Amino acid sequence: MPEKKEFKRLPTNVKPENYKLRLQPDLEKFTFKGQEIIDVKVLSSTSSITLNSEEIEIQSAHYKAADAGDPSLAAEVKFEPDNATVVLSFPSSLQPGSGQLSIDFTGQLNDKMKGFYRSKYFSPTGEEKYGAVTQFEATDARRAFPCWDEPAVKATFDVTLVVPKNRVALSNMPVKTESDLPEDGAWKVVSYDRTPIMSTYLLAFVVGEYDFVETKDTDGVVVRVYTPLGKKEQGEFALEVAAKTLPFYKNYFQIAYPLPKIDLIAIADFAAGAMENWGLVTYRETALLVDPQNSSSKSKQWVALVVGHELAHQWFGNLVTMEWWTHLWLNEGFASWIEYLCVDYCFPEFDIWTQFVNSDLGRALEMDALHNSHAIEIPVGHPDEVDEIFDAISYSKGASVIRMLHDYVGDESFRKGMNQYLTKFKYKNAITEDLWESLGAASGKPVLDVMTTWTKQMGYPVIKVSEKQEGSNRVLTLTQEKFCADGVQPKEGSYSWMVPVSISSASDPKKAAVVTLLDKPSMEVTVPKVTPDQWVKVNWESVGVYRVQYSSESLDRFLPAIRNKTLPPRDRLGLQSDLFALARAGMISTVDVLRVVGAFVNEDDYTVWSDLTGNLGQISILLQNTDGYDSYKAFSRKLYKPVAQSLGWEAKDKEGPLAAMLRDLALTRLGKSGDEETVAEAKKRFEDHVTGKSPLPADLKGPVYQTVMVNGDEDAFNKMMKLYDEADMQEEKVRISRCLGAISSDALKQRVLEFSLSDKVRSQDTVFVIGGVTGTVEGRELCWQFVQDQWKELHSRYQGGFLLSRLVEVSTENFVTEARAKEVEKFFETHSAPAAERKIQQSVENIRLNAKWMERESERVLEFLRGQ
């Protein structure tokens, strides 16, 4: 790890109480001018005031004490770029008491998708235009105005925007007054109501051209979804979700939404998925807009989850805010858990909690088994370190431990504890322990003791199960040790967890037979009423954040229950997920796991298939480096054929969204593994789509495009590029651009890499277009070379943001040799990327894990596949 940068928080001798902020963006010169008058309290006498300020020029700064007799003092201004601060020094000391700090400043509307930045969009007639928008989390409000840019320094804000008359101008609060700019009638001055007491990172402004749809929720809160011009109908779905979600959370937390309105707005250039600014939530277009005709079931589900996530933050994050970025996981982990609760309430047909086990718990367990993982809660100092923790540990592991905790304390105590916590800390800041204290008090359980073992140390346990039959009971011995992706226990540190364990059995798979707390290295548990041939499942419904290892005899008991699906979906999913992880760690044989996969022959659950497919995909990537890859493809065709045939190509009447998602998955796998029938049908449907004879339904576009690219030539590639150019909807552009790289020709792959940096691809999508070429051994070579060649450009574009980490991940982690691991390490020794530092180490660790697996398992696995 590089040396941590020296970092100190701002002095606390002066604190802001209200910012009166006026900004005027120039959408042609990409600059803005601003004035602010900050009501401050001087707490101890000082001759200087230090604030955060970055890439801003200050023309003048004055301080005037509230005692009218004192003259105003002009400040000498000194910037400290390394700390992103500015020091204002005064000719005489400021005495304790109230006063006003007035600052005139100018800044840049940058193109880095942070701070106050410009966003390019096209009018309905195709004319290129620009708007101005904000993204302040974590530490970029300081790029828009000098401020105390720390989450704990809360204040109220009176915002005024001066903008061209023909533009929409939005901020966190409703408009208070709107008038012409006296000196120039082409501009208008829009002032907004005062905000509640809040952190700077939640402030937001948007200036641009938008349509909107509007409704009121059952409590009279005005809800609007802003869309690009002419695309109003694409905001209806999110509007419906938001209007259902606000009352759901109000009821869940027993606290009303505190603002009179909430706007959800689709931003053309946006780095994250969305941002929870209080009352004005910003989204990527693909995370908010749903076209009734052209959006897939998967996209709808994604929009519902993101809307649920951001609206949860209005309470958890905005009303009560973490004291410092060390506690970021509290915001994100909590919102990532409750978004599922909310979508489950709005759309039970998505069976979303089963998907949680795949998408969140699965991601968390994968990353957290690495030696280069980190605890959920780690001390954070410098802003560079904040960017590093916007990752699967903060979000997905955070959400997974909260799901486990919710199950452990029970829903009633959980809701009671949440209400206590939010009531006690509203408009203030809190730390992790504050939440544990409220939940402990509400439930009477040792929440602090249990949860500290999950948040303060990295990793999680594998619970090894041995069983013996005693009469009509099964006695289990449960032993915990740290689970490591390479199967090797760390030399230093002793790890142990307090693990809430629930166990089910074949006699009633739908509920837990035994619930206990494993709070020591090993314990015995008796499960009543189990006959010798029946299975017993540790980690019922996959609620616990741990892996389970059974003896082969115990595993055999599960096989009939997987085949006839009497083992419920979340348990089928968790079982195979654990097996693949244990095999990758060298703790069991991969061949034995592939034998178990055979039992999934009748599987019809989308999410189980999705998780299984991800695990097989990892093996397939490794086997591409051998001469036996064709045997794998044959195995894959045999595996997916029955489920694809049972679903067919056409949607049935009244089928749910999961059937559409499973069809997409099965056809895509068959297309990738070269199933002749599937490839021929996909090509035919693609032709009909391109010629306009029979347009593809949204849910078939993914599998058809992917199949046509994997098995396509230059002609197919050019047709796909034409579809990209003609696509009006961002969802369609993303769908096409992410599969272009699947084309088999290396020369065309190279074209895709070059295209990724062209102005046809939005900056936020480039990384995913680059990642699209990594489906083959040659593609990975080309991608890694390209990233090295273009590093300067890519680094300057994404530095200090999580897209840089994604870039490192897609371009390196699927290599399979020690030589490659060394090469990647060496490259980043001379090309520093502080915000991606941990991701680089994780990628190198993954490459070494792949190399070990190849050495240990590949020959036996190929032998098994050839015999199938």
# chains A, B, ... in the order shown; residues from 1 in each chain; ligands from 1
$ residues_around --residues "A:Asp533" --least-positions-apart "6" --cutoff "12 Å" --atoms "only C-alpha atoms" --output "JSON, numbers by chain"
{"A": [468, 469, 472, 473, 474, 505, 506, 507, 553, 554, 555, 556, 557, 558, 559, 560, 561]}
$ write_last_selection --atoms "N, CA, C and O atoms" --output "PDB file, in the first residue's frame"
ATOM      1  N   LYS A 468     -24.128 -36.606  12.919  1.00  0.00           N
ATOM      2  CA  LYS A 468     -24.366 -38.003  13.316  1.00  0.00           C
ATOM      3  C   LYS A 468     -25.845 -38.168  13.690  1.00  0.00           C
ATOM      4  O   LYS A 468     -26.473 -37.226  14.186  1.00  0.00           O
ATOM      5  N   GLN A 469     -26.371 -39.349  13.401  1.00  0.00           N
ATOM      6  CA  GLN A 469     -27.779 -39.630  13.681  1.00  0.00           C
ATOM      7  C   GLN A 469     -27.883 -40.185  15.098  1.00  0.00           C
ATOM      8  O   GLN A 469     -27.146 -41.092  15.465  1.00  0.00           O
ATOM      9  N   SER A 472     -34.159 -40.288  16.493  1.00  0.00           N
ATOM     10  CA  SER A 472     -34.866 -39.509  15.458  1.00  0.00           C
ATOM     11  C   SER A 472     -34.285 -38.098  15.348  1.00  0.00           C
ATOM     12  O   SER A 472     -34.885 -37.226  14.738  1.00  0.00           O
ATOM     13  N   ASN A 473     -33.144 -37.857  15.962  1.00  0.00           N
ATOM     14  CA  ASN A 473     -32.492 -36.537  15.881  1.00  0.00           C
ATOM     15  C   ASN A 473     -31.216 -36.591  15.057  1.00  0.00           C
ATOM     16  O   ASN A 473     -30.564 -37.624  14.964  1.00  0.00           O
ATOM     17  N   ARG A 474     -30.856 -35.449  14.481  1.00  0.00           N
ATOM     18  CA  ARG A 474     -29.555 -35.327  13.813  1.00  0.00           C
ATOM     19  C   ARG A 474     -28.727 -34.374  14.658  1.00  0.00           C
ATOM     20  O   ARG A 474     -29.145 -33.235  14.928  1.00  0.00           O
ATOM     21  N   SER A 505     -34.658 -28.425   7.690  1.00  0.00           N
ATOM     22  CA  SER A 505     -34.504 -29.842   7.345  1.00  0.00           C
ATOM     23  C   SER A 505     -35.600 -30.251   6.365  1.00  0.00           C
ATOM     24  O   SER A 505     -36.565 -29.524   6.155  1.00  0.00           O
ATOM     25  N   ALA A 506     -35.436 -31.442   5.814  1.00  0.00           N
ATOM     26  CA  ALA A 506     -36.337 -31.921   4.765  1.00  0.00           C
ATOM     27  C   ALA A 506     -37.779 -32.019   5.248  1.00  0.00           C
ATOM     28  O   ALA A 506     -38.706 -31.941   4.441  1.00  0.00           O
ATOM     29  N   SER A 507     -38.000 -32.165   6.572  1.00  0.00           N
ATOM     30  CA  SER A 507     -39.384 -32.346   7.012  1.00  0.00           C
ATOM     31  C   SER A 507     -40.216 -31.068   6.862  1.00  0.00           C
ATOM     32  O   SER A 507     -41.418 -31.134   6.685  1.00  0.00           O
ATOM     33  N   GLU A 553     -21.041 -37.227   2.059  1.00  0.00           N
ATOM     34  CA  GLU A 553     -22.235 -38.018   2.395  1.00  0.00           C
ATOM     35  C   GLU A 553     -23.442 -37.082   2.609  1.00  0.00           C
ATOM     36  O   GLU A 553     -24.545 -37.328   2.111  1.00  0.00           O
ATOM     37  N   SER A 554     -23.210 -35.968   3.341  1.00  0.00           N
ATOM     38  CA  SER A 554     -24.306 -35.006   3.564  1.00  0.00           C
ATOM     39  C   SER A 554     -24.751 -34.400   2.244  1.00  0.00           C
ATOM     40  O   SER A 554     -25.945 -34.194   2.004  1.00  0.00           O
ATOM     41  N   LEU A 555     -23.764 -34.097   1.381  1.00  0.00           N
ATOM     42  CA  LEU A 555     -24.091 -33.485   0.086  1.00  0.00           C
ATOM     43  C   LEU A 555     -24.995 -34.394  -0.730  1.00  0.00           C
ATOM     44  O   LEU A 555     -25.943 -33.934  -1.369  1.00  0.00           O
ATOM     45  N   ASP A 556     -24.676 -35.699  -0.719  1.00  0.00           N
ATOM     46  CA  ASP A 556     -25.461 -36.654  -1.517  1.00  0.00           C
ATOM     47  C   ASP A 556     -26.944 -36.611  -1.147  1.00  0.00           C
ATOM     48  O   ASP A 556     -27.807 -36.810  -1.994  1.00  0.00           O
ATOM     49  N   ARG A 557     -27.241 -36.322   0.131  1.00  0.00           N
ATOM     50  CA  ARG A 557     -28.646 -36.277   0.547  1.00  0.00           C
ATOM     51  C   ARG A 557     -29.413 -35.132  -0.117  1.00  0.00           C
ATOM     52  O   ARG A 557     -30.628 -35.160  -0.211  1.00  0.00           O
ATOM     53  N   PHE A 558     -28.672 -34.081  -0.526  1.00  0.00           N
ATOM     54  CA  PHE A 558     -29.352 -32.937  -1.149  1.00  0.00           C
ATOM     55  C   PHE A 558     -29.746 -33.191  -2.604  1.00  0.00           C
ATOM     56  O   PHE A 558     -30.644 -32.544  -3.129  1.00  0.00           O
ATOM     57  N   LEU A 559     -29.024 -34.107  -3.279  1.00  0.00           N
ATOM     58  CA  LEU A 559     -29.181 -34.201  -4.740  1.00  0.00           C
ATOM     59  C   LEU A 559     -30.622 -34.452  -5.182  1.00  0.00           C
ATOM     60  O   LEU A 559     -31.127 -33.746  -6.060  1.00  0.00           O
ATOM     61  N   PRO A 560     -31.335 -35.441  -4.588  1.00  0.00           N
ATOM     62  CA  PRO A 560     -32.723 -35.646  -5.019  1.00  0.00           C
ATOM     63  C   PRO A 560     -33.581 -34.390  -4.799  1.00  0.00           C
ATOM     64  O   PRO A 560     -34.448 -34.072  -5.610  1.00  0.00           O
ATOM     65  N   ALA A 561     -33.294 -33.646  -3.702  1.00  0.00           N
ATOM     66  CA  ALA A 561     -34.099 -32.455  -3.379  1.00  0.00           C
ATOM     67  C   ALA A 561     -33.786 -31.287  -4.317  1.00  0.00           C
ATOM     68  O   ALA A 561     -34.607 -30.390  -4.490  1.00  0.00           O
TER      69      ALA A 561
END
$ select_by_dssp --residues "stretch 238-462 of chain A" --states "strand (DSSP E)" --output "ChimeraX atom specification"
/A:261-267,274-275,280-284,320-322,428-430,461-462
$ write_last_selection --atoms "N, CA and C atoms" --output "mmCIF file, in the first residue's frame"
data_model
loop_
_atom_site.group_PDB
_atom_site.id
_atom_site.type_symbol
_atom_site.label_atom_id
_atom_site.label_comp_id
_atom_site.auth_asym_id
_atom_site.auth_seq_id
_atom_site.Cartn_x
_atom_site.Cartn_y
_atom_site.Cartn_z
ATOM 1 N N LYS A 261 -41.510 18.363 -1.544
ATOM 2 C CA LYS A 261 -41.489 17.781 -2.903
ATOM 3 C C LYS A 261 -40.300 16.853 -3.060
ATOM 4 N N ILE A 262 -40.392 15.976 -4.053
ATOM 5 C CA ILE A 262 -39.204 15.225 -4.449
ATOM 6 C C ILE A 262 -39.176 15.146 -5.966
ATOM 7 N N ASP A 263 -38.014 15.468 -6.541
ATOM 8 C CA ASP A 263 -37.831 15.354 -7.987
ATOM 9 C C ASP A 263 -36.832 14.229 -8.254
ATOM 10 N N LEU A 264 -37.123 13.449 -9.295
ATOM 11 C CA LEU A 264 -36.173 12.429 -9.769
ATOM 12 C C LEU A 264 -35.841 12.846 -11.191
ATOM 13 N N ILE A 265 -34.562 12.969 -11.509
ATOM 14 C CA ILE A 265 -34.219 13.530 -12.817
ATOM 15 C C ILE A 265 -33.151 12.708 -13.520
ATOM 16 N N ALA A 266 -33.337 12.508 -14.833
ATOM 17 C CA ALA A 266 -32.393 11.728 -15.644
ATOM 18 C C ALA A 266 -31.341 12.659 -16.232
ATOM 19 N N ILE A 267 -30.088 12.382 -15.919
ATOM 20 C CA ILE A 267 -28.972 13.232 -16.359
ATOM 21 C C ILE A 267 -28.195 12.505 -17.461
ATOM 22 N N ALA A 274 -26.874 6.656 -9.483
ATOM 23 C CA ALA A 274 -27.772 7.725 -9.042
ATOM 24 C C ALA A 274 -27.207 8.358 -7.790
ATOM 25 N N MET A 275 -27.774 9.508 -7.409
ATOM 26 C CA MET A 275 -27.303 10.213 -6.214
ATOM 27 C C MET A 275 -28.498 10.790 -5.467
ATOM 28 N N LEU A 280 -33.978 16.246 -4.650
ATOM 29 C CA LEU A 280 -33.658 16.316 -6.092
ATOM 30 C C LEU A 280 -32.669 15.191 -6.403
ATOM 31 N N VAL A 281 -33.218 14.012 -6.668
ATOM 32 C CA VAL A 281 -32.372 12.838 -6.853
ATOM 33 C C VAL A 281 -31.965 12.738 -8.322
ATOM 34 N N THR A 282 -30.653 12.630 -8.572
ATOM 35 C CA THR A 282 -30.155 12.565 -9.952
ATOM 36 C C THR A 282 -29.851 11.116 -10.334
ATOM 37 N N TYR A 283 -30.099 10.777 -11.606
ATOM 38 C CA TYR A 283 -29.941 9.399 -12.088
ATOM 39 C C TYR A 283 -29.254 9.393 -13.451
ATOM 40 N N ARG A 284 -28.533 8.311 -13.743
ATOM 41 C CA ARG A 284 -28.220 7.984 -15.132
ATOM 42 C C ARG A 284 -29.547 7.749 -15.840
ATOM 43 N N VAL A 320 -30.633 11.592 8.837
ATOM 44 C CA VAL A 320 -29.529 11.237 9.750
ATOM 45 C C VAL A 320 -28.335 10.888 8.872
ATOM 46 N N THR A 321 -27.224 11.563 9.106
ATOM 47 C CA THR A 321 -26.063 11.434 8.220
ATOM 48 C C THR A 321 -24.886 10.843 8.982
ATOM 49 N N MET A 322 -24.066 10.053 8.272
ATOM 50 C CA MET A 322 -22.882 9.510 8.953
ATOM 51 C C MET A 322 -21.982 10.667 9.379
ATOM 52 N N LYS A 428 -29.055 15.425 12.474
ATOM 53 C CA LYS A 428 -27.720 15.372 13.085
ATOM 54 C C LYS A 428 -26.906 14.282 12.382
ATOM 55 N N ASN A 429 -25.798 13.901 13.060
ATOM 56 C CA ASN A 429 -24.907 12.875 12.507
ATOM 57 C C ASN A 429 -24.767 11.733 13.497
ATOM 58 N N ALA A 430 -24.466 10.544 12.956
ATOM 59 C CA ALA A 430 -24.365 9.375 13.827
ATOM 60 C C ALA A 430 -23.222 8.486 13.378
ATOM 61 N N PRO A 461 -16.739 -16.307 8.037
ATOM 62 C CA PRO A 461 -16.337 -17.697 8.280
ATOM 63 C C PRO A 461 -16.856 -18.687 7.234
ATOM 64 N N VAL A 462 -16.183 -19.845 7.196
ATOM 65 C CA VAL A 462 -16.793 -21.026 6.580
ATOM 66 C C VAL A 462 -17.155 -21.909 7.769
#
$ closest_residue --among "A:Arg224, A:Arg838, A:Lys29, A:Arg860" --to "A:Ile389" --atoms "only C-alpha atoms"
A:Arg838
$ residues_around --residues "A:Pro379" --least-positions-apart "3" --cutoff "12 Å" --atoms "only C-alpha atoms" --output "list in words"
Lys4, Phe7, Trp324, Trp325, Thr326, His327, Leu328, Trp329, His374, Ala375, Ile376, His382, Pro383, Glu385, Val386, Glu388, Ile389, Thr455 and Lys456 of chain A
$ write_last_selection --atoms "N, CA and C atoms" --output "PDB file, in the first residue's frame"
ATOM      1  N   LYS A   4      -0.130   6.593   3.289  1.00  0.00           N
ATOM      2  CA  LYS A   4      -1.363   7.384   3.379  1.00  0.00           C
ATOM      3  C   LYS A   4      -0.996   8.854   3.394  1.00  0.00           C
ATOM      4  N   PHE A   7      -3.472  13.971   6.420  1.00  0.00           N
ATOM      5  CA  PHE A   7      -4.800  14.554   6.273  1.00  0.00           C
ATOM      6  C   PHE A   7      -5.318  15.038   7.618  1.00  0.00           C
ATOM      7  N   TRP A 324     -18.721  10.744   9.551  1.00  0.00           N
ATOM      8  CA  TRP A 324     -17.555  10.880   8.656  1.00  0.00           C
ATOM      9  C   TRP A 324     -17.590   9.722   7.673  1.00  0.00           C
ATOM     10  N   TRP A 325     -16.793   9.780   6.636  1.00  0.00           N
ATOM     11  CA  TRP A 325     -16.858   8.780   5.554  1.00  0.00           C
ATOM     12  C   TRP A 325     -16.509   7.372   6.019  1.00  0.00           C
ATOM     13  N   THR A 326     -15.849   7.264   7.172  1.00  0.00           N
ATOM     14  CA  THR A 326     -15.595   5.939   7.768  1.00  0.00           C
ATOM     15  C   THR A 326     -16.905   5.157   7.892  1.00  0.00           C
ATOM     16  N   HIS A 327     -18.002   5.886   8.120  1.00  0.00           N
ATOM     17  CA  HIS A 327     -19.297   5.224   8.348  1.00  0.00           C
ATOM     18  C   HIS A 327     -20.163   5.205   7.094  1.00  0.00           C
ATOM     19  N   LEU A 328     -19.532   5.443   5.938  1.00  0.00           N
ATOM     20  CA  LEU A 328     -20.275   5.445   4.663  1.00  0.00           C
ATOM     21  C   LEU A 328     -21.120   4.176   4.509  1.00  0.00           C
ATOM     22  N   TRP A 329     -20.540   3.056   4.935  1.00  0.00           N
ATOM     23  CA  TRP A 329     -21.228   1.775   4.722  1.00  0.00           C
ATOM     24  C   TRP A 329     -22.634   1.789   5.332  1.00  0.00           C
ATOM     25  N   HIS A 374     -11.287  -5.676   2.781  1.00  0.00           N
ATOM     26  CA  HIS A 374     -11.138  -4.761   3.918  1.00  0.00           C
ATOM     27  C   HIS A 374     -12.377  -4.902   4.791  1.00  0.00           C
ATOM     28  N   ALA A 375     -12.252  -4.456   6.025  1.00  0.00           N
ATOM     29  CA  ALA A 375     -13.410  -4.500   6.911  1.00  0.00           C
ATOM     30  C   ALA A 375     -14.487  -3.572   6.355  1.00  0.00           C
ATOM     31  N   ILE A 376     -15.744  -3.841   6.712  1.00  0.00           N
ATOM     32  CA  ILE A 376     -16.841  -2.964   6.279  1.00  0.00           C
ATOM     33  C   ILE A 376     -16.530  -1.538   6.703  1.00  0.00           C
ATOM     34  N   HIS A 382      -8.039  11.017   3.860  1.00  0.00           N
ATOM     35  CA  HIS A 382      -7.965  11.804   2.645  1.00  0.00           C
ATOM     36  C   HIS A 382      -9.086  11.446   1.666  1.00  0.00           C
ATOM     37  N   PRO A 383      -9.605  12.429   0.924  1.00  0.00           N
ATOM     38  CA  PRO A 383     -10.677  12.152  -0.046  1.00  0.00           C
ATOM     39  C   PRO A 383     -10.369  10.995  -1.008  1.00  0.00           C
ATOM     40  N   GLU A 385      -9.101   8.263  -0.340  1.00  0.00           N
ATOM     41  CA  GLU A 385      -9.449   6.998   0.316  1.00  0.00           C
ATOM     42  C   GLU A 385     -10.963   6.795   0.358  1.00  0.00           C
ATOM     43  N   VAL A 386     -11.712   7.889   0.292  1.00  0.00           N
ATOM     44  CA  VAL A 386     -13.178   7.768   0.313  1.00  0.00           C
ATOM     45  C   VAL A 386     -13.632   7.033  -0.942  1.00  0.00           C
ATOM     46  N   GLU A 388     -12.200   4.865  -2.655  1.00  0.00           N
ATOM     47  CA  GLU A 388     -11.880   3.436  -2.645  1.00  0.00           C
ATOM     48  C   GLU A 388     -12.951   2.592  -1.985  1.00  0.00           C
ATOM     49  N   ILE A 389     -13.733   3.176  -1.060  1.00  0.00           N
ATOM     50  CA  ILE A 389     -14.657   2.323  -0.308  1.00  0.00           C
ATOM     51  C   ILE A 389     -16.074   2.325  -0.872  1.00  0.00           C
ATOM     52  N   THR A 455     -18.406  -5.913  11.333  1.00  0.00           N
ATOM     53  CA  THR A 455     -18.047  -4.640  10.685  1.00  0.00           C
ATOM     54  C   THR A 455     -16.596  -4.240  10.919  1.00  0.00           C
ATOM     55  N   LYS A 456     -15.991  -4.719  12.021  1.00  0.00           N
ATOM     56  CA  LYS A 456     -14.649  -4.229  12.348  1.00  0.00           C
ATOM     57  C   LYS A 456     -13.539  -5.159  11.853  1.00  0.00           C
TER      58      LYS A 456
END
$ atom_distance --atom1 "atom CA of A:Asp630" --atom2 "atom CA of A:Ser610"
22.0 Å
$ residues_around --residues "stretch 186-193 of chain A" --least-positions-apart "5" --cutoff "10 Å" --atoms "only C-alpha atoms" --output "JSON, numbers by chain"
{"A": [21, 22, 23, 24, 157, 158, 159, 160, 161, 162, 163, 164, 165, 166, 167, 168, 169, 170, 171, 172, 173, 174, 175, 176, 177, 178, 179, 180, 181]}
$ residues_around --residues "stretch 431-443 of chain A" --least-positions-apart "5" --cutoff "7 Å" --atoms "only C-alpha atoms" --output "VMD selection string"
chain A and resid 322 to 323 327 330 409 413 to 414 416 to 418 420 to 421 448
$ select_by_dssp --residues "stretch 525-567 of chain A" --states "alpha helix (DSSP H)" --output "list in words"
Ser552, Glu553, Ser554, Leu555, Asp556, Arg557, Phe558, Leu559, Pro560, Ala561, Ile562 and Arg563 of chain A
